[in-house]
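As stored in entry.txt (compact mmCIF, C-alpha atoms):
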```txt
# COMPACT_ATOMS: atom_id res chain seq x y z
CA MET M 13 73.54 102.74 74.17
CA PRO M 14 69.76 103.38 74.03
CA LYS M 15 67.60 100.43 73.13
CA LEU M 16 65.95 100.73 69.73
CA PRO M 17 62.18 100.35 69.64
CA THR M 18 60.90 97.05 68.34
CA THR M 19 59.44 97.35 64.83
CA LYS M 20 55.96 95.95 64.57
CA PRO M 21 55.53 93.57 61.64
CA ILE M 22 53.00 94.36 58.89
CA GLN M 23 50.00 92.16 59.43
CA ALA M 24 48.95 89.94 56.52
CA THR M 25 45.37 90.99 55.92
CA GLN M 26 42.90 89.25 53.61
CA LEU M 27 40.90 91.88 51.75
CA LYS M 28 37.26 91.26 51.05
CA LEU M 29 35.19 92.63 48.23
CA SER M 30 33.39 94.84 50.68
CA ASP M 31 36.71 96.41 51.70
CA LEU M 32 37.18 97.58 48.14
CA GLN M 33 33.69 99.02 47.98
CA GLN M 34 34.14 101.40 50.90
CA GLU M 35 34.48 105.09 50.22
CA GLY M 36 38.19 106.03 50.16
CA LEU M 37 39.40 102.42 50.50
CA PRO M 38 40.64 103.00 54.07
CA LEU M 39 41.89 99.47 54.77
CA LEU M 40 43.74 99.13 51.47
CA ASN M 41 45.31 102.55 51.79
CA SER M 42 46.41 101.76 55.37
CA LEU M 43 48.14 98.58 54.22
CA LEU M 44 49.81 100.37 51.30
CA SER M 45 51.00 103.13 53.65
CA GLN M 46 52.55 100.59 56.04
CA MET M 47 54.34 98.80 53.20
CA ALA M 48 55.64 102.05 51.70
CA THR M 49 56.96 103.16 55.09
CA ALA M 50 58.70 99.79 55.65
CA ILE M 51 60.24 99.75 52.16
CA ASN M 52 61.51 103.34 52.46
CA ALA M 53 63.01 102.53 55.87
CA GLN M 54 64.83 99.47 54.52
CA GLN M 55 66.15 101.47 51.57
CA GLY M 56 67.39 104.25 53.83
CA ALA M 57 65.14 106.80 52.14
CA SER M 58 63.98 108.19 55.49
CA GLY M 59 67.30 108.02 57.37
CA PRO M 60 69.72 105.33 58.56
CA VAL M 61 68.39 101.77 58.28
CA LYS M 62 67.55 100.44 61.73
CA GLN M 63 67.59 96.74 62.57
CA PRO M 64 66.59 96.36 66.24
CA SER M 65 66.87 92.56 66.03
CA GLY M 66 70.41 92.65 64.62
CA ILE M 67 71.91 91.57 61.30
CA ASP M 68 73.07 88.05 60.45
CA VAL M 69 74.81 87.82 57.07
CA GLN M 70 75.27 84.04 57.36
CA GLY M 71 79.04 84.14 56.93
CA SER M 72 79.07 86.58 54.05
CA THR M 73 81.17 89.76 54.04
CA VAL M 74 79.98 93.30 54.63
CA THR M 75 81.79 95.74 52.34
CA GLY M 76 81.95 99.45 51.66
CA ILE M 77 82.27 100.52 55.32
CA ALA M 78 83.34 104.13 55.71
CA PRO M 79 85.80 105.25 58.44
CA PRO M 80 83.99 105.46 61.80
CA LYS M 81 82.77 108.80 63.13
CA ASN M 82 80.85 107.78 66.26
CA PRO M 83 81.76 105.46 69.16
CA THR M 84 79.32 102.76 68.04
CA ASP M 85 80.29 102.77 64.34
CA ALA M 86 81.61 99.56 62.77
CA VAL M 87 85.14 99.54 61.32
CA SER M 88 86.58 97.87 58.25
CA SER M 89 89.49 95.46 58.28
CA ALA M 90 91.66 98.07 56.59
CA HIS M 91 90.85 100.69 59.21
CA ALA M 92 91.54 98.26 62.07
CA GLU M 93 94.88 97.22 60.55
CA ALA M 94 95.95 100.82 59.98
CA ASN M 95 95.01 102.02 63.47
CA TYR M 96 95.02 99.11 65.93
CA SER M 97 97.49 96.50 64.65
CA ALA M 98 100.77 95.76 66.45
CA GLN M 99 102.64 97.71 63.77
CA ALA M 100 100.37 100.73 64.21
CA LEU M 101 100.55 100.70 68.03
CA ALA M 102 104.28 99.99 68.38
CA PRO M 103 105.48 103.62 67.96
CA LYS M 104 102.98 104.79 70.59
CA LEU M 105 104.28 102.26 73.12
CA GLU M 106 107.96 103.02 72.70
CA SER M 107 109.82 104.48 75.68
CA GLY M 108 109.81 108.26 75.60
CA SER M 109 106.37 108.56 74.02
CA LYS M 110 103.43 110.02 75.93
CA THR M 111 101.62 106.68 75.79
CA ALA M 112 104.54 104.40 76.71
CA LEU M 113 103.70 101.35 78.80
CA LYS M 114 104.15 101.93 82.51
CA SER M 115 104.30 98.19 83.25
CA TYR M 116 107.79 97.55 81.83
CA ARG M 117 111.22 98.62 82.97
CA GLN M 118 113.27 101.06 80.92
CA LEU M 119 117.05 100.77 81.05
CA ASN M 120 118.80 103.88 82.35
CA SER M 121 115.50 105.65 83.01
CA LYS M 122 115.60 108.28 85.75
CA GLN M 123 111.82 107.97 86.08
CA GLN M 124 111.91 104.21 86.80
CA ARG M 125 114.12 103.51 89.79
CA GLU M 126 113.62 100.38 91.85
CA GLN M 127 112.84 101.12 95.48
CA TYR M 128 112.93 97.51 96.65
CA SER M 129 115.51 94.78 96.10
CA ASP M 130 113.31 91.68 96.45
CA PHE M 131 112.75 91.37 92.67
CA LEU M 132 116.40 90.24 92.41
CA GLU M 133 116.31 87.67 95.19
CA ALA M 134 115.98 84.69 92.85
CA CYS M 135 119.54 85.52 91.76
CA MET M 136 120.68 84.66 95.32
CA SER M 137 124.20 86.05 94.78
CA THR M 138 123.17 89.70 94.26
CA ALA M 139 124.86 91.79 96.96
CA PRO M 140 124.33 92.73 99.71
CA THR M 141 123.38 89.46 101.40
CA THR M 142 124.64 87.41 104.32
CA ASN M 143 123.86 84.28 106.30
CA SER M 144 123.53 83.33 109.95
CA SER M 145 125.68 80.17 110.03
CA SER M 146 128.86 79.36 111.88
CA ILE M 147 131.56 76.85 110.94
CA SER M 148 133.25 74.32 113.23
CA ALA M 149 135.37 71.17 112.88
CA THR M 150 136.65 68.20 114.88
CA GLY M 151 139.87 66.25 114.63
CA PRO M 152 141.74 65.48 112.67
CA VAL M 153 141.21 61.84 113.57
CA GLY M 154 142.43 59.00 111.38
CA GLY M 155 143.46 61.32 108.59
CA SER M 156 140.15 63.19 108.36
CA THR M 157 138.22 66.02 110.00
CA THR M 158 134.48 66.59 110.31
CA VAL M 159 133.38 70.06 109.18
CA THR M 160 129.96 71.31 110.29
CA ILE M 161 128.02 74.29 108.94
CA SER M 162 125.25 75.14 111.39
CA ALA M 163 121.64 75.46 110.28
CA GLY M 164 120.75 79.02 109.43
CA SER M 165 119.23 81.28 106.83
CA HIS M 166 120.44 83.22 103.85
CA GLN M 167 119.40 86.80 104.56
CA PHE M 168 118.53 89.49 102.03
CA VAL M 169 118.66 93.24 102.57
CA SER M 170 114.85 93.25 102.08
CA GLY M 171 114.49 91.26 105.30
CA ASN M 172 113.44 88.06 103.52
CA GLN M 173 115.19 84.82 104.43
CA ASN M 174 115.94 81.47 102.80
CA PRO M 175 116.40 78.92 105.63
CA TYR M 176 118.56 75.80 105.28
CA MET M 177 119.56 72.77 107.34
CA GLN M 178 122.83 71.94 109.09
CA ARG M 179 125.41 70.02 107.10
CA SER M 180 128.36 67.96 108.33
CA ASP M 181 131.02 66.34 106.14
CA THR M 182 133.96 64.10 106.99
CA ILE M 183 136.81 65.38 104.82
CA ALA M 184 140.28 63.88 104.37
CA VAL M 185 143.11 66.14 105.41
CA PRO M 186 145.86 66.70 102.83
CA GLY M 187 149.38 65.42 103.46
CA SER M 188 150.83 68.79 102.52
CA GLY M 189 149.53 72.22 101.50
CA GLN M 190 145.84 72.90 101.87
CA ASN M 191 142.48 72.14 100.31
CA VAL M 192 139.62 74.65 100.17
CA TYR M 193 135.94 73.65 100.15
CA TYR M 194 132.89 75.85 99.52
CA TYR M 195 129.38 75.42 100.88
CA SER M 196 126.67 77.00 98.74
CA LEU M 197 122.90 77.31 98.55
CA THR M 198 120.67 77.34 95.46
CA THR M 199 117.44 79.30 95.07
CA GLY M 200 114.58 77.78 97.05
CA SER M 201 116.69 74.92 98.44
CA GLN M 202 117.11 74.09 102.12
CA THR M 203 120.14 71.84 101.61
CA LEU M 204 123.70 73.12 101.36
CA ALA M 205 125.93 71.86 98.55
CA LEU M 206 129.65 71.09 98.92
CA SER M 207 132.20 71.94 96.21
CA GLY M 208 135.91 71.23 96.19
CA PRO M 209 138.67 70.69 96.85
CA PHE M 210 140.33 73.80 95.39
CA PRO M 211 144.07 74.38 95.93
CA GLN M 212 143.49 77.97 97.10
CA ASP M 213 140.65 80.32 98.07
CA THR M 214 140.58 82.57 95.01
CA GLN M 215 138.03 84.89 93.41
CA GLN M 216 137.77 82.59 90.41
CA ALA M 217 137.10 79.58 92.64
CA ARG M 218 134.44 81.46 94.59
CA LEU M 219 132.78 82.60 91.38
CA SER M 220 132.12 78.98 90.42
CA VAL M 221 129.72 78.63 93.38
CA ASN M 222 128.48 82.22 93.56
CA GLN M 223 126.67 82.70 90.26
CA ASP M 224 123.00 83.48 89.51
CA GLY M 225 120.75 81.14 91.42
CA GLN M 226 123.52 80.07 93.80
CA VAL M 227 125.28 81.80 96.70
CA LEU M 228 128.33 81.06 98.84
CA ILE M 229 127.47 80.26 102.47
CA ALA M 230 130.81 79.14 103.96
CA VAL M 231 134.42 78.49 103.08
CA ALA M 232 136.50 75.76 104.78
CA ALA M 233 140.28 75.71 104.39
CA ILE M 234 141.89 72.43 105.57
CA ASN M 235 145.51 71.38 106.01
CA SER M 236 147.17 68.44 107.75
CA SER M 237 146.23 69.90 111.15
CA GLY M 238 142.54 70.18 110.27
CA LEU M 239 140.42 73.30 109.78
CA ILE M 240 142.45 76.49 109.32
CA SER M 241 140.33 78.80 111.45
CA GLN M 242 141.81 82.07 110.14
CA GLN M 243 140.97 81.07 106.57
CA SER M 244 137.55 79.49 107.22
CA ALA M 245 134.28 81.28 107.84
CA ALA M 246 130.50 81.37 107.49
CA GLY M 247 128.17 84.36 107.68
CA SER M 248 128.24 84.81 111.45
CA THR M 249 131.94 84.10 111.93
CA PRO M 250 133.35 87.09 113.88
CA PRO M 251 136.24 88.97 112.24
CA SER M 252 138.36 88.30 115.33
CA SER M 253 138.52 84.64 114.27
CA THR M 254 139.98 85.48 110.88
CA GLY M 255 142.53 88.13 111.70
CA ASN M 256 139.94 90.97 111.73
CA TYR M 257 139.14 90.25 108.10
CA ARG M 258 135.68 89.24 107.00
CA LEU M 259 136.11 86.34 104.65
CA LEU M 260 132.47 86.02 103.70
CA THR M 261 129.70 88.33 104.91
CA ARG M 262 128.72 91.24 102.69
CA LEU M 263 126.21 93.10 104.90
```
Would you mind writing the file's structure down as structure tokens?
Amino acid sequence: MPKLPTTKPIQATQLKLSDLQQEGLPLLNSLLSQMATAINAQQGASGPVKQPSGIDVQGSTVTGIAPPKNPTDAVSSAHAEANYSAQALAPKLESGSKTALKSYRQLNSKQQREQYSDFLEACMSTAPTTNSSSISATGPVGGSTTVTISAGSHQFVSGNQNPYMQRSDTIAVPGSGQNVYYYSLTTGSQTLALSGPFPQDTQQARLSVNQDGQVLIAVAAINSSGLISQQSAAGSTPPSSTGNYRLLTRL
């Protein structure tokens, strides 16, 4: 925007008698000409009123503003509400419009397909994932067995990892039947949690420790003889240990 020239103020001049006795009254006529020019400019008689120093209305309102025509024109409250309010802009931002926001995700949009999975990693249990742990046990001795889940990391398909520490638990063996225990990891944690016992390893039981923000790391099935190796596994347990059936890993 070009800078407006600074308007020179009209100088207050004290007229003398001799000034009024000069032929043509040049000084008086010059002063009258300056005042007429300034008054006409302030009234808009010679074009738009220009205020290079700005306008301060001291908290009062400015009314009667016409719709803007040029980039630097002021706008009225009514014009702003009709054109720039949330209600006015909402239809232009809806999905499918030419001016829809590109920074939000549209459901079922063929134009917005995720190319990376890491935005879902806080869910933890979103497949495919796996972990690097193994499961082992001692005993049983004195009616109990010690189950150990080795330290490892929960691994995402993106290549990111959530490491965790080893955990060992001394668990009582049942007199009959079996008990099933689940080891799980929560988002951002490095400590495994133990849940159980459950009477059987079922989908419903697994779901209780495999919801958003939590993922199953290992399953330990125990009977009176200790750890049931064919029914117990962690992420790196080979299928040959569980009858060629992967009990846990999903990668």
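Here CA of Gln34 (chain M) stands at a distance of 23.3 Å from CA of Thr49 (chain M).
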Å distance separating CA of Ser88 (chain M) from CA of Ala57 (chain M), one decimal place: 24.0 Å
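You will find CA of Ser145 (chain M) at 9.8 Å from CA of Thr160 (chain M).
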Box dimensions and centre (Å, one decimal) enclosing region 85-98 of chain M, axis-aligned, 8 Å extra per side, as AutoDock Vina command-line options:
```
--center_x 90.5 --center_y 99.1 --center_z 61.5 --size_x 36.5 --size_y 23.3 --size_z 25.9
```
For region 185-200 of chain M: contacts at 9 Å, all atoms listed in the file, fewer than 2 positions along chain excluded, given as a ChimeraX atom specification: /M:133-136,152,155-157,161,166,174-176,183,202-213,217-218,221-222,224-240,244,246
Spatial neighbours of region 248-252 of chain M, max dist 10 Å, only C-alpha atoms, sep filter under 4 positions, as a PyMOL selection string: chain M and resi 142-148+164+230+241-242+244+256-261
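Those residues that approach Ala48 (chain M) to within 12 Å, counting only C-alpha atoms, are Ile22, Asn41, Ser42, Gln54, Gln55, Ala57 and Ser58 of chain M; same-chain residues fewer than 6 positions away are not listed.
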Nearest to Val159 (chain M), chosen from M:Ala184, M:Leu27, M:Ala92, M:Leu101, with all atoms listed in the file counted in the distances: M:Ala184
Selection as a count of residues only: residues within 12 Å of (52.3, 95.9, 53.5), counting only C-alpha atoms: 21
